[in-house]
>>> print(open('query-v4.txt').read())   # compact mmCIF, C-alpha atoms
# COMPACT_ATOMS: atom_id res chain seq x y z
CA MET A 137 15.20 84.45 49.05
CA THR A 138 11.61 83.35 48.56
CA LEU A 139 11.12 86.01 45.90
CA ALA A 140 14.20 84.80 44.04
CA LEU A 141 12.93 81.25 44.20
CA LEU A 142 9.52 82.32 42.87
CA GLY A 143 11.23 84.28 40.10
CA LEU A 144 13.18 81.21 39.14
CA TYR A 145 9.99 79.16 39.12
CA LEU A 146 8.24 81.75 36.91
CA ALA A 147 11.11 81.68 34.40
CA LEU A 148 11.13 77.90 34.41
CA THR A 149 7.38 77.35 33.86
CA GLY A 150 6.76 80.47 31.81
CA VAL A 151 9.63 80.28 29.33
CA LEU A 152 12.06 77.36 29.58
CA LEU A 153 9.76 74.39 30.12
CA PRO A 154 7.21 75.31 27.40
CA ARG A 155 10.01 75.66 24.83
CA ARG A 156 11.50 72.35 25.88
CA LEU A 157 8.12 70.58 25.82
CA ALA A 158 7.27 71.89 22.37
CA ARG A 159 10.69 71.31 20.77
CA SER A 160 11.73 67.88 21.91
CA PRO A 161 10.24 65.28 19.53
CA ARG A 162 10.47 62.59 22.21
CA ILE A 163 8.44 64.59 24.74
CA GLN A 164 5.99 65.58 22.01
CA ALA A 165 5.43 61.92 21.13
CA ARG A 166 4.79 61.06 24.78
CA LEU A 167 2.32 63.90 25.24
CA GLN A 168 0.57 62.98 22.01
CA ALA A 169 0.25 59.34 23.02
CA ARG A 170 -2.27 60.46 25.66
CA PRO A 171 -3.54 63.76 24.30
CA VAL A 172 -6.11 64.59 26.99
CA LEU A 173 -3.52 64.12 29.71
CA GLY A 174 -1.12 66.19 27.61
CA ALA A 175 -3.64 69.04 27.34
CA ALA A 176 -4.26 68.78 31.09
CA LEU A 177 -0.52 69.10 31.69
CA TRP A 178 -0.38 72.37 29.72
CA LEU A 179 -3.41 73.75 31.56
CA SER A 180 -1.88 72.71 34.86
CA LEU A 181 1.35 74.52 33.97
CA MET A 182 -0.68 77.64 33.21
CA ALA A 183 -2.50 77.34 36.56
CA SER A 184 0.80 76.81 38.35
CA PHE A 185 2.31 79.88 36.68
CA THR A 186 -0.73 81.95 37.71
CA VAL A 187 -0.43 80.82 41.33
CA ALA A 188 3.27 81.70 41.29
CA VAL A 189 2.51 85.19 39.92
CA LEU A 190 -0.07 85.78 42.66
CA LEU A 191 2.33 84.59 45.35
CA THR A 192 5.11 86.79 43.97
CA VAL A 193 2.85 89.83 44.20
CA HIS A 194 1.81 88.79 47.69
CA HIS A 195 5.42 88.38 48.86
CA ALA A 196 6.52 91.61 47.26
CA VAL A 197 3.76 93.53 49.04
CA GLU A 198 4.01 91.79 52.41
CA PRO A 199 7.56 90.45 52.74
CA PHE A 200 7.86 90.59 56.52
CA ALA A 201 5.67 87.77 57.65
CA HIS A 202 7.22 85.36 55.20
CA GLU A 203 10.99 85.08 55.43
CA PRO A 204 11.90 82.29 55.62
CA ALA A 205 9.04 80.03 54.83
CA GLY A 206 7.97 77.07 52.76
CA LEU A 207 10.61 74.81 51.34
CA VAL A 208 13.03 77.69 51.67
CA GLY A 209 12.63 77.37 55.41
CA LEU A 210 12.87 73.63 55.10
CA ALA A 211 16.31 74.05 53.52
CA GLY A 212 17.45 75.31 56.91
CA LEU A 213 16.99 71.82 58.30
CA LEU A 214 19.29 70.33 55.68
CA LEU A 215 21.85 73.12 55.61
CA PRO A 216 22.22 74.41 59.15
CA ARG A 217 24.37 77.28 57.91
CA ALA A 218 21.45 78.63 55.93
CA ALA A 219 19.16 78.20 58.91
CA PRO A 220 17.02 81.18 59.87
CA THR A 221 18.64 83.46 62.38
CA GLY A 222 15.52 84.95 63.86
CA PRO A 223 12.41 83.23 65.18
CA VAL A 224 10.17 81.81 62.47
CA LEU A 225 6.76 83.36 62.57
CA PRO A 226 3.90 81.06 61.74
CA HIS A 227 2.03 83.13 59.19
CA THR A 228 -1.58 83.09 58.20
CA HIS A 229 -3.20 84.53 55.11
CA ASP A 230 -6.22 86.73 55.06
CA TRP A 231 -9.06 84.80 53.49
CA TRP A 232 -10.14 87.80 51.43
CA GLN A 233 -6.86 87.82 49.51
CA LEU A 234 -7.46 84.30 48.30
CA ALA A 235 -11.11 85.08 47.58
CA ALA A 236 -10.21 88.22 45.63
CA ALA A 237 -7.61 86.42 43.52
CA GLY A 238 -10.02 83.56 42.85
CA THR A 239 -12.83 85.93 41.90
CA ALA A 240 -10.61 87.90 39.52
CA LEU A 241 -9.51 84.73 37.75
CA ALA A 242 -13.04 83.37 37.54
CA ALA A 243 -14.21 86.72 36.17
CA ALA A 244 -11.54 86.69 33.44
CA ILE A 245 -12.39 83.16 32.34
CA GLY A 246 -16.10 83.96 32.60
CA ALA A 247 -15.75 87.05 30.41
CA VAL A 248 -13.93 85.13 27.69
CA GLY A 249 -16.47 82.30 28.02
CA LEU A 250 -19.39 84.71 27.64
CA ARG A 251 -17.86 86.27 24.54
CA THR A 252 -17.20 82.92 22.88
CA GLY A 253 -20.66 81.71 23.92
CA ARG A 254 -22.27 84.75 22.34
CA ALA A 255 -20.39 84.28 19.06
CA ARG A 256 -21.37 80.62 19.08
CA ARG A 257 -25.05 81.38 19.76
CA ARG A 258 -25.20 83.96 16.99
CA HIS A 259 -23.59 81.53 14.57
CA ARG A 260 -26.01 78.79 15.60
CA ALA A 261 -29.12 80.95 15.21
CA LEU A 262 -28.19 81.80 11.64
CA LEU A 263 -27.11 78.24 10.97
CA ASP A 264 -30.46 76.83 12.07
CA LEU A 265 -32.28 79.08 9.62
CA VAL A 266 -29.98 78.66 6.65
CA ALA A 267 -28.61 75.11 6.78
CA VAL A 268 -30.44 72.01 5.63
CA ARG A 269 -30.79 69.06 7.99
CA ASP A 270 -29.09 65.87 6.87
CA ARG A 271 -30.65 63.04 8.87
CA ARG A 272 -28.18 60.47 7.60
CA TRP A 273 -25.16 62.19 9.17
CA GLY A 274 -27.07 63.93 11.93
CA ALA A 275 -25.53 67.16 10.67
CA LEU A 276 -26.45 70.51 9.15
CA VAL A 277 -25.44 71.10 5.56
CA LEU A 278 -24.36 74.52 4.32
CA ASP A 279 -24.82 75.06 0.61
CA HIS A 280 -21.30 76.23 -0.18
CA ALA A 281 -18.66 74.92 -2.57
CA ARG A 282 -15.70 75.30 -0.19
CA PRO A 283 -15.17 71.96 1.61
CA THR A 284 -15.29 72.26 5.39
CA VAL A 285 -16.43 70.28 8.42
CA TYR A 286 -16.77 71.80 11.87
CA CYS A 287 -18.84 71.70 15.02
CA LEU A 288 -20.37 74.09 17.50
CA PRO A 289 -19.68 72.54 20.89
CA GLY A 290 -21.73 73.11 24.02
CA ARG A 291 -25.13 72.14 25.25
CA ARG A 292 -26.94 72.71 21.96
CA SER A 293 -24.20 71.32 19.78
CA ARG A 294 -24.24 71.14 15.98
CA VAL A 295 -22.09 69.33 13.45
CA VAL A 296 -21.81 71.20 10.16
CA LEU A 297 -20.82 69.91 6.72
CA SER A 298 -20.53 72.10 3.66
CA ARG A 299 -21.87 70.92 0.30
CA GLY A 300 -18.24 71.04 -0.89
CA ALA A 301 -17.21 68.58 1.84
CA LEU A 302 -20.05 66.22 0.91
CA ARG A 303 -18.82 66.30 -2.68
CA LEU A 304 -15.12 65.98 -1.83
CA LEU A 305 -15.21 63.18 0.74
CA ASP A 306 -16.38 59.61 0.26
CA GLU A 307 -18.67 57.75 2.71
CA ARG A 308 -15.94 56.54 5.04
CA GLN A 309 -14.12 59.87 5.05
CA LEU A 310 -17.35 61.63 5.96
CA ALA A 311 -17.96 59.09 8.73
CA ALA A 312 -14.44 59.84 10.01
CA ALA A 313 -14.96 63.62 9.97
CA VAL A 314 -18.35 63.40 11.70
CA ALA A 315 -17.03 60.96 14.32
CA HIS A 316 -14.14 63.36 14.97
CA GLU A 317 -16.56 66.24 15.59
CA HIS A 318 -18.66 64.08 17.91
CA GLY A 319 -15.42 63.32 19.75
CA HIS A 320 -14.97 67.08 20.35
CA ILE A 321 -18.56 67.48 21.52
CA ARG A 322 -18.63 64.42 23.79
CA GLY A 323 -15.19 65.22 25.22
CA ARG A 324 -16.30 68.82 25.95
CA HIS A 325 -13.06 70.04 24.43
CA HIS A 326 -14.25 73.65 24.35
CA LEU A 327 -14.01 73.67 28.16
CA PHE A 328 -10.29 72.81 27.87
CA ARG A 329 -9.71 75.54 25.35
CA LEU A 330 -11.45 78.24 27.38
CA PRO A 331 -8.82 78.58 30.15
CA ALA A 332 -5.98 78.23 27.61
CA ASP A 333 -7.50 80.99 25.45
CA THR A 334 -8.03 83.22 28.48
CA PHE A 335 -4.44 82.71 29.60
CA ALA A 336 -3.18 83.50 26.09
CA LEU A 337 -5.34 86.63 25.98
CA LEU A 338 -3.96 87.92 29.29
CA LEU A 339 -0.30 86.97 28.80
CA GLY A 340 -0.01 87.03 25.00
CA PRO A 341 3.72 87.00 24.22
CA LEU A 342 4.76 84.69 27.07
CA PRO A 343 5.97 81.36 25.58
CA LEU A 344 3.79 79.38 27.98
CA ALA A 345 0.73 81.29 26.71
CA ARG A 346 1.59 81.29 23.01
CA VAL A 347 2.96 77.76 22.72
CA GLY A 348 0.62 76.36 25.35
CA ARG A 349 -2.53 77.53 23.62
CA ALA A 350 -1.48 76.08 20.26
CA GLU A 351 -0.39 72.82 21.87
CA VAL A 352 -3.66 72.46 23.79
CA ALA A 353 -5.58 72.99 20.53
CA LEU A 354 -3.48 70.40 18.71
CA LEU A 355 -3.70 67.83 21.51
CA LEU A 356 -7.49 68.20 21.58
CA GLU A 357 -7.63 67.56 17.84
CA MET A 358 -5.65 64.40 18.48
CA ALA A 359 -8.02 63.40 21.27
CA ALA A 360 -10.93 63.79 18.85
CA ASP A 361 -8.99 61.73 16.28
CA ASP A 362 -8.71 58.96 18.86
CA ALA A 363 -12.45 59.13 19.47
CA ALA A 364 -13.07 58.82 15.72
CA LEU A 365 -10.87 55.71 15.53
CA ALA A 366 -13.60 53.85 17.41
CA GLU A 367 -15.66 54.04 14.22
CA VAL A 368 -13.25 54.32 11.29
CA SER A 369 -9.79 53.04 10.40
CA ARG A 370 -6.61 55.11 10.65
CA GLY A 371 -6.31 55.22 6.86
CA GLU A 372 -9.86 56.52 6.43
CA LEU A 373 -9.31 59.22 9.04
CA ALA A 374 -5.92 60.22 7.64
CA SER A 375 -7.23 60.46 4.08
CA ALA A 376 -10.17 62.61 5.25
CA LEU A 377 -7.70 64.89 7.06
CA CYS A 378 -5.52 65.24 3.98
CA ALA A 379 -8.51 65.97 1.78
CA LEU A 380 -9.81 68.67 4.10
CA ALA A 381 -6.40 70.17 4.85
CA SER A 382 -7.30 73.44 3.17
CA GLY A 383 -10.34 74.23 5.40
CA ALA A 384 -10.46 75.77 8.89
CA GLY A 385 -13.09 76.40 11.57
CA PRO A 386 -14.80 79.47 13.03
CA GLU A 387 -13.82 81.12 16.27
CA GLY A 388 -15.55 79.29 19.08
CA SER A 389 -15.89 76.11 17.08
CA LEU A 390 -13.59 73.24 16.28
CA ALA A 391 -12.83 72.31 12.68
CA ALA A 392 -12.08 68.75 11.65
CA ALA A 393 -8.92 69.71 9.82
CA ALA A 394 -7.93 73.07 11.24
CA THR A 395 -5.02 72.25 13.48
CA GLY A 396 -1.69 70.71 12.62
CA VAL A 397 -2.87 68.28 9.97
CA LEU A 398 0.59 67.01 9.20
CA ALA A 399 1.41 66.30 12.84
CA ARG A 400 -1.88 64.45 13.21
CA VAL A 401 -1.41 62.32 10.09
CA ARG A 402 2.14 61.46 11.16
CA ARG A 403 0.84 60.51 14.58
CA LEU A 404 -1.71 58.16 13.02
CA ALA A 405 1.18 56.41 11.25
CA ARG A 406 3.12 55.97 14.48
CA PRO A 407 3.01 52.56 16.20
CA GLY A 408 1.36 52.14 19.58
CA GLY A 409 -1.07 54.81 20.64
CA GLY A 410 -2.74 52.77 23.37
CA ARG A 411 -5.05 54.88 25.52
CA ARG A 412 -3.90 53.79 28.95
CA ARG A 413 -4.74 56.03 31.83
CA ARG A 414 -2.48 55.93 34.81
CA LEU A 415 -3.78 57.53 37.94
CA ALA A 416 -0.31 58.60 39.02
CA SER A 417 0.15 60.88 35.99
CA TRP A 418 -3.16 62.58 36.66
CA VAL A 419 -2.28 63.12 40.31
CA ALA A 420 1.12 64.54 39.32
CA VAL A 421 -0.46 66.85 36.76
CA SER A 422 -3.10 68.17 39.15
CA ALA A 423 -0.48 68.72 41.88
CA LEU A 424 1.48 71.23 39.75
CA PRO A 425 -0.56 74.30 40.76
CA VAL A 426 0.18 73.61 44.44
CA LEU A 427 3.94 73.50 43.89
CA PRO A 428 4.63 77.27 44.05
CA TYR A 429 2.61 77.45 47.25
CA LEU A 430 4.72 74.72 48.79
CA LEU A 431 7.86 76.56 47.67
CA ALA A 432 6.85 79.88 49.11
CA CYS A 433 4.31 79.60 51.89
CA ALA A 434 3.92 76.07 53.18
CA PRO A 435 3.89 75.79 56.96
CA GLN A 436 7.16 75.06 58.70
CA PRO A 437 7.83 71.56 59.94
CA TYR A 438 9.06 72.93 63.29
CA MET B 29 -39.73 71.86 23.62
CA VAL B 30 -41.79 74.91 22.74
CA LEU B 31 -38.62 76.81 21.93
CA ARG B 32 -37.32 74.05 19.74
CA GLY B 33 -40.65 73.85 17.90
CA PHE B 34 -40.44 77.58 17.19
CA GLY B 35 -36.91 77.17 15.89
CA GLU B 36 -38.07 74.59 13.38
CA LEU B 37 -41.04 76.69 12.31
CA GLU B 38 -38.73 79.68 11.86
CA ALA B 39 -36.56 77.62 9.51
CA GLU B 40 -39.61 76.36 7.60
CA ILE B 41 -40.99 79.87 7.09
CA MET B 42 -37.63 81.20 5.92
CA ASP B 43 -37.23 78.18 3.66
CA ARG B 44 -40.51 78.95 1.89
CA LEU B 45 -39.90 82.66 1.51
CA TRP B 46 -36.42 82.03 0.11
CA GLY B 47 -37.76 79.33 -2.18
CA TRP B 48 -40.53 81.54 -3.61
CA GLY B 49 -38.20 84.48 -4.09
CA ARG B 50 -41.05 87.01 -3.69
CA PRO B 51 -42.86 88.73 -0.80
CA ALA B 52 -45.70 86.66 0.70
CA THR B 53 -48.45 86.97 3.30
CA VAL B 54 -48.75 84.82 6.41
CA ARG B 55 -51.84 83.24 4.84
CA GLU B 56 -49.84 81.95 1.87
CA VAL B 57 -47.17 80.51 4.16
CA VAL B 58 -49.78 78.86 6.41
CA ASP B 59 -51.54 77.29 3.40
CA ASP B 60 -48.29 75.82 2.16
CA LEU B 61 -47.24 74.54 5.60
CA GLN B 62 -50.66 72.92 6.13
CA ARG B 63 -50.07 70.68 3.13
CA HIS B 64 -47.53 68.83 5.29
CA ARG B 65 -48.85 69.23 8.82
CA PRO B 66 -51.51 71.09 10.77
CA VAL B 67 -50.31 74.48 12.00
CA ALA B 68 -52.31 77.36 13.48
CA TYR B 69 -52.52 80.68 11.66
CA THR B 70 -51.85 82.60 14.86
CA THR B 71 -48.71 80.56 15.56
CA VAL B 72 -47.26 81.43 12.16
CA THR B 73 -48.20 85.09 12.67
CA THR B 74 -46.35 85.07 16.00
CA VAL B 75 -43.26 83.41 14.55
CA ALA B 76 -43.23 85.72 11.51
CA ASP B 77 -43.37 88.62 13.95
CA ILE B 78 -40.42 87.15 15.89
CA LEU B 79 -38.45 86.78 12.65
CA HIS B 80 -39.23 90.41 11.85
CA THR B 81 -38.06 91.53 15.30
CA LYS B 82 -34.86 89.53 14.92
CA GLY B 83 -34.24 91.24 11.62
CA TRP B 84 -34.48 88.20 9.35
CA LEU B 85 -37.65 89.45 7.65
CA ARG B 86 -38.85 92.88 6.55
CA ARG B 87 -42.53 93.60 6.04
CA ASP B 88 -44.84 96.02 4.28
CA LYS B 89 -48.52 96.57 4.75
CA VAL B 90 -50.46 95.74 1.58
CA GLY B 91 -54.15 96.36 2.08
CA ARG B 92 -54.90 94.98 5.53
CA ALA B 93 -52.25 92.22 5.62
CA TRP B 94 -48.52 92.26 6.25
CA VAL B 95 -46.40 91.05 3.37
CA TYR B 96 -43.11 89.47 4.46
CA GLU B 97 -39.81 89.18 2.64
CA PRO B 98 -36.35 87.95 3.75
CA THR B 99 -33.92 90.82 4.37
CA CYS B 100 -31.03 88.88 2.85
CA SER B 101 -30.73 86.02 0.42
CA ARG B 102 -29.93 82.54 1.67
CA GLU B 103 -26.66 82.67 -0.27
CA ALA B 104 -25.60 85.86 1.51
CA TYR B 105 -26.19 84.30 4.95
CA THR B 106 -24.43 81.10 3.89
CA ALA B 107 -21.45 83.13 2.69
CA GLN B 108 -21.41 84.96 6.03
CA LEU B 109 -21.38 81.67 7.95
CA MET B 110 -18.66 80.21 5.74
CA HIS B 111 -16.61 83.34 6.23
CA GLN B 112 -16.81 82.79 9.98
CA ALA B 113 -16.10 79.09 9.49
CA LEU B 114 -12.96 79.69 7.46
CA GLU B 115 -11.60 82.52 9.57
CA THR B 116 -8.29 81.47 11.02
CA THR B 117 -7.64 81.99 14.71
CA PRO B 118 -4.15 83.14 15.70
CA ASP B 119 -2.96 79.73 16.83
CA ARG B 120 -0.34 77.66 15.14
CA ALA B 121 -2.82 75.72 13.08
CA GLY B 122 -4.52 78.84 11.86
CA ALA B 123 -1.19 80.26 10.80
CA LEU B 124 -0.17 77.08 9.00
CA LEU B 125 -3.43 76.75 7.12
CA HIS B 126 -3.50 80.42 6.33
CA PHE B 127 -0.10 79.77 4.87
CA VAL B 128 -1.41 77.31 2.33
CA ASP B 129 -3.12 80.02 0.28
CA GLY B 130 -0.14 82.34 0.23
CA MET B 131 2.56 79.69 -0.03
CA SER B 132 4.92 79.50 -2.95
CA GLY B 133 4.41 76.56 -5.29
CA ASP B 134 7.45 74.75 -3.89
CA GLU B 135 6.32 75.07 -0.27
CA ALA B 136 2.81 73.91 -1.07
CA SER B 137 4.05 70.88 -2.96
CA ALA B 138 6.50 70.05 -0.14
CA LEU B 139 3.60 70.05 2.33
CA ARG B 140 1.52 67.95 -0.01
CA ALA B 141 4.37 65.45 -0.47
CA ALA B 142 4.81 65.18 3.31
CA LEU B 143 1.08 64.58 3.72
CA ASP B 144 1.09 61.96 0.97
CA SER B 145 3.98 60.00 2.45
CA ALA B 146 2.48 60.14 5.94
CA LEU B 147 -0.83 58.97 4.49
CA ALA B 148 0.92 56.07 2.75
CA GLN B 149 2.48 55.07 6.10
CA VAL B 150 -0.91 55.11 7.82
CA LYS B 151 -2.41 52.95 5.10
CA ALA B 152 0.51 50.50 5.29
CA ARG B 153 -0.12 50.30 9.02
CA ASP B 154 -3.80 49.57 8.52
CA GLU B 155 -2.97 46.67 6.22
CA GLU B 156 -0.67 45.01 8.78
>>> encode(input="query-v4.txt", output="structure tokens")
Amino acid sequence: MTLALLGLYLALTGVLLPRRLARSPRIQARLQARPVLGAALWLSLMASFTVAVLLTVHHAVEPFAHEPAGLVGLAGLLLPRAAPTGPVLPHTHDWWQLAAAGTALAAAIGAVGLRTGRARRRHRALLDLVAVRDRRWGALVLDHARPTVYCLPGRRSRVVLSRGALRLLDERQLAAAVAHEHGHIRGRHHLFRLPADTFALLLGPLPLARVGRAEVALLLEMAADDAALAEVSRGELASALCALASGAGPEGSLAAAATGVLARVRRLARPGGGRRRRLASWVAVSALPVLPYLLACAPQPY
Amino acid sequence: MVLRGFGELEAEIMDRLWGWGRPATVREVVDDLQRHRPVAYTTVTTVADILHTKGWLRRDKVGRAWVYEPTCSREAYTAQLMHQALETTPDRAGALLHFVDGMSGDEASALRAALDSALAQVKARDEE
């Protein structure tokens, strides 16, 4: 019973919900209205899915202490016919199981983080030798004809412009691109991408992994666009995006125009876009990972 | 701070060697640097040694002094960085942008038209 419920939950969060979230234009517009919250929702879904997987394994290995438990047991209160026949055992979990699962997850994220960090450091070392400092934009300039703007996030962050970008973009467009990159750096967007990338690496073909990772990347671009709007107008930002639409960014860095340019320009044209933050949505989003636990293992009310 | 200072000196040394386009001794580099600011000979020797260890510079002994030369041209390193910068990651955006190069003329112009009309909408919104 509990296993079936967990299976249902896995199918829902792993396959059905991600497809629905990514396909419905109405939901997309709502997520994009508050992009950081939207990205948090995707990450929370991934965390929730992971918890459900761990619990499924746990229940499959040790089924005896569990039936019926959690909300499944609670259903017995509402539907007396489905009530448990035997005595309900209050069950405890060994602390080492939780610790082991937590350590394994942290190790996976840490390994991906180390790899990205190394690529970023190597790129930065070369960059610092080769690029020319531009004090006006507070950026490094690469002497290359291909127009591109990107940043290396992290503690020793860098914003990079190519000579081609300096030639292609006018003053205001450059201001927009640089403000966008500072939005990435200040918002620490690379820390959002790390768990999403790790999840995608571990569970590649799963819709939640594939769609989720792309959506998180796009929503973070939109969050950086919002940050840039503090300094430039929508038109200036949109025209910079269109001009740079043929450039992309390195692995471990975030390019100004790499992700979903058309979606971003269309979003800039949309009315509204207020950046309200409601506490309730954040609480709901952060509660998602606990849901499978409540379904499967929560203590009985009697 | 010390580390950061070294980083800058590394860039300055490389900048000079690339600019001259010929092998040079630490003495020559120090003399040129000292036109702008005071810098100790031993410091430059140390940093040149670091650059050699890191593989940025190669050196030959000529007489009693080491003669340094960049292992690669500035253009080659820049091209390497740009290659990394333009590499597309396997997310949706990467795929879409990767598409632009290999797209048929019709598809590319459709994307451009969509961008143009969206841009016009944004600008109309700004004027409101």
>>> residues_near_point(input="query-v4.txt", point="(-42.5, 83.3, 15.1)", cutoff="10 Å", atoms="all atoms listed in the file", output="NGL selection string")
:B and (34-39 or 41 or 70-82)
>>> closest_residue(input="query-v4.txt", among="A:Leu339, A:Leu427, A:Ala381, A:Leu327", to="chain B", atoms="all atoms listed in the file")
A:Ala381
>>> atom_distance(input="query-v4.txt", atom1="atom CA of Ala360 of chain A", atom2="atom CA of Leu114 of chain B")
19.7 Å
>>> residues_around(input="query-v4.txt", residues="Ser375 of chain A", least_positions_apart="4", cutoff="12 Å", atoms="only C-alpha atoms", output="PyMOL selection string")
(chain A and resi 304-313+368-371+379-381+393+397-398+400-402+404-405) or (chain B and resi 143-151)
>>> closest_residue(input="query-v4.txt", among="B:Ala68, B:Leu61, B:Ala52, B:Ala142", to="chain A", atoms="all atoms listed in the file")
B:Ala142
>>> atom_distance(input="query-v4.txt", atom1="atom CA of Ala376 of chain A", atom2="atom CA of Ala353 of chain A")
19.0 Å
>>> atom_distance(input="query-v4.txt", atom1="atom CA of His318 of chain A", atom2="atom CA of Met358 of chain A")
13.0 Å
>>> closest_residue(input="query-v4.txt", among="A:Phe335, A:Trp232, A:Tyr286, A:Trp418", to="Met110 of chain B", atoms="all atoms listed in the file")
A:Tyr286
>>> residues_around(input="query-v4.txt", residues="segment 172-187 of chain A", least_positions_apart="3", cutoff="7 Å", atoms="all atoms listed in the file", output="list of chain:residue names")
A:Leu146, A:Thr149, A:Gly150, A:Leu167, A:Gln168, A:Leu190, A:Leu191, A:Ala332, A:Gly348, A:Val352, A:Leu355, A:Leu356, A:Ala359, A:Val421, A:Ser422, A:Leu424, A:Pro425, A:Val426, A:Pro428
>>> closest_residue(input="query-v4.txt", among="A:Leu431, A:Leu342, A:Ala366, A:Ala255", to="chain B", atoms="only C-alpha atoms")
A:Ala255
>>> residues_around(input="query-v4.txt", residues="Ala93 of chain B", least_positions_apart="6", cutoff="10 Å", atoms="only C-alpha atoms", output="PDB file with C-alpha atoms, keeping the file's coordinate frame")
ATOM      1  CA  ALA B  52     -45.700  86.660   0.700  1.00  0.00           C
ATOM      2  CA  THR B  53     -48.450  86.970   3.300  1.00  0.00           C
ATOM      3  CA  VAL B  54     -48.750  84.820   6.410  1.00  0.00           C
ATOM      4  CA  ARG B  55     -51.840  83.240   4.840  1.00  0.00           C
ATOM      5  CA  ARG B  87     -42.530  93.600   6.040  1.00  0.00           C
TER       6      ARG B  87
END
>>> closest_residue(input="query-v4.txt", among="A:Gly396, A:Pro331, A:Gly249, A:Pro154", to="chain B", atoms="only C-alpha atoms")
A:Gly396
>>> closest_residue(input="query-v4.txt", among="A:Ala236, A:Leu344, A:Cys378, A:Val189", to="chain B", atoms="all atoms listed in the file")
A:Cys378
>>> residues_around(input="query-v4.txt", residues="segment 95-107 of chain B", least_positions_apart="4", cutoff="7 Å", atoms="all atoms listed in the file", output="PyMOL selection string")
(chain A and resi 266+278-279) or (chain B and resi 45-46+50-53+84-90+111)
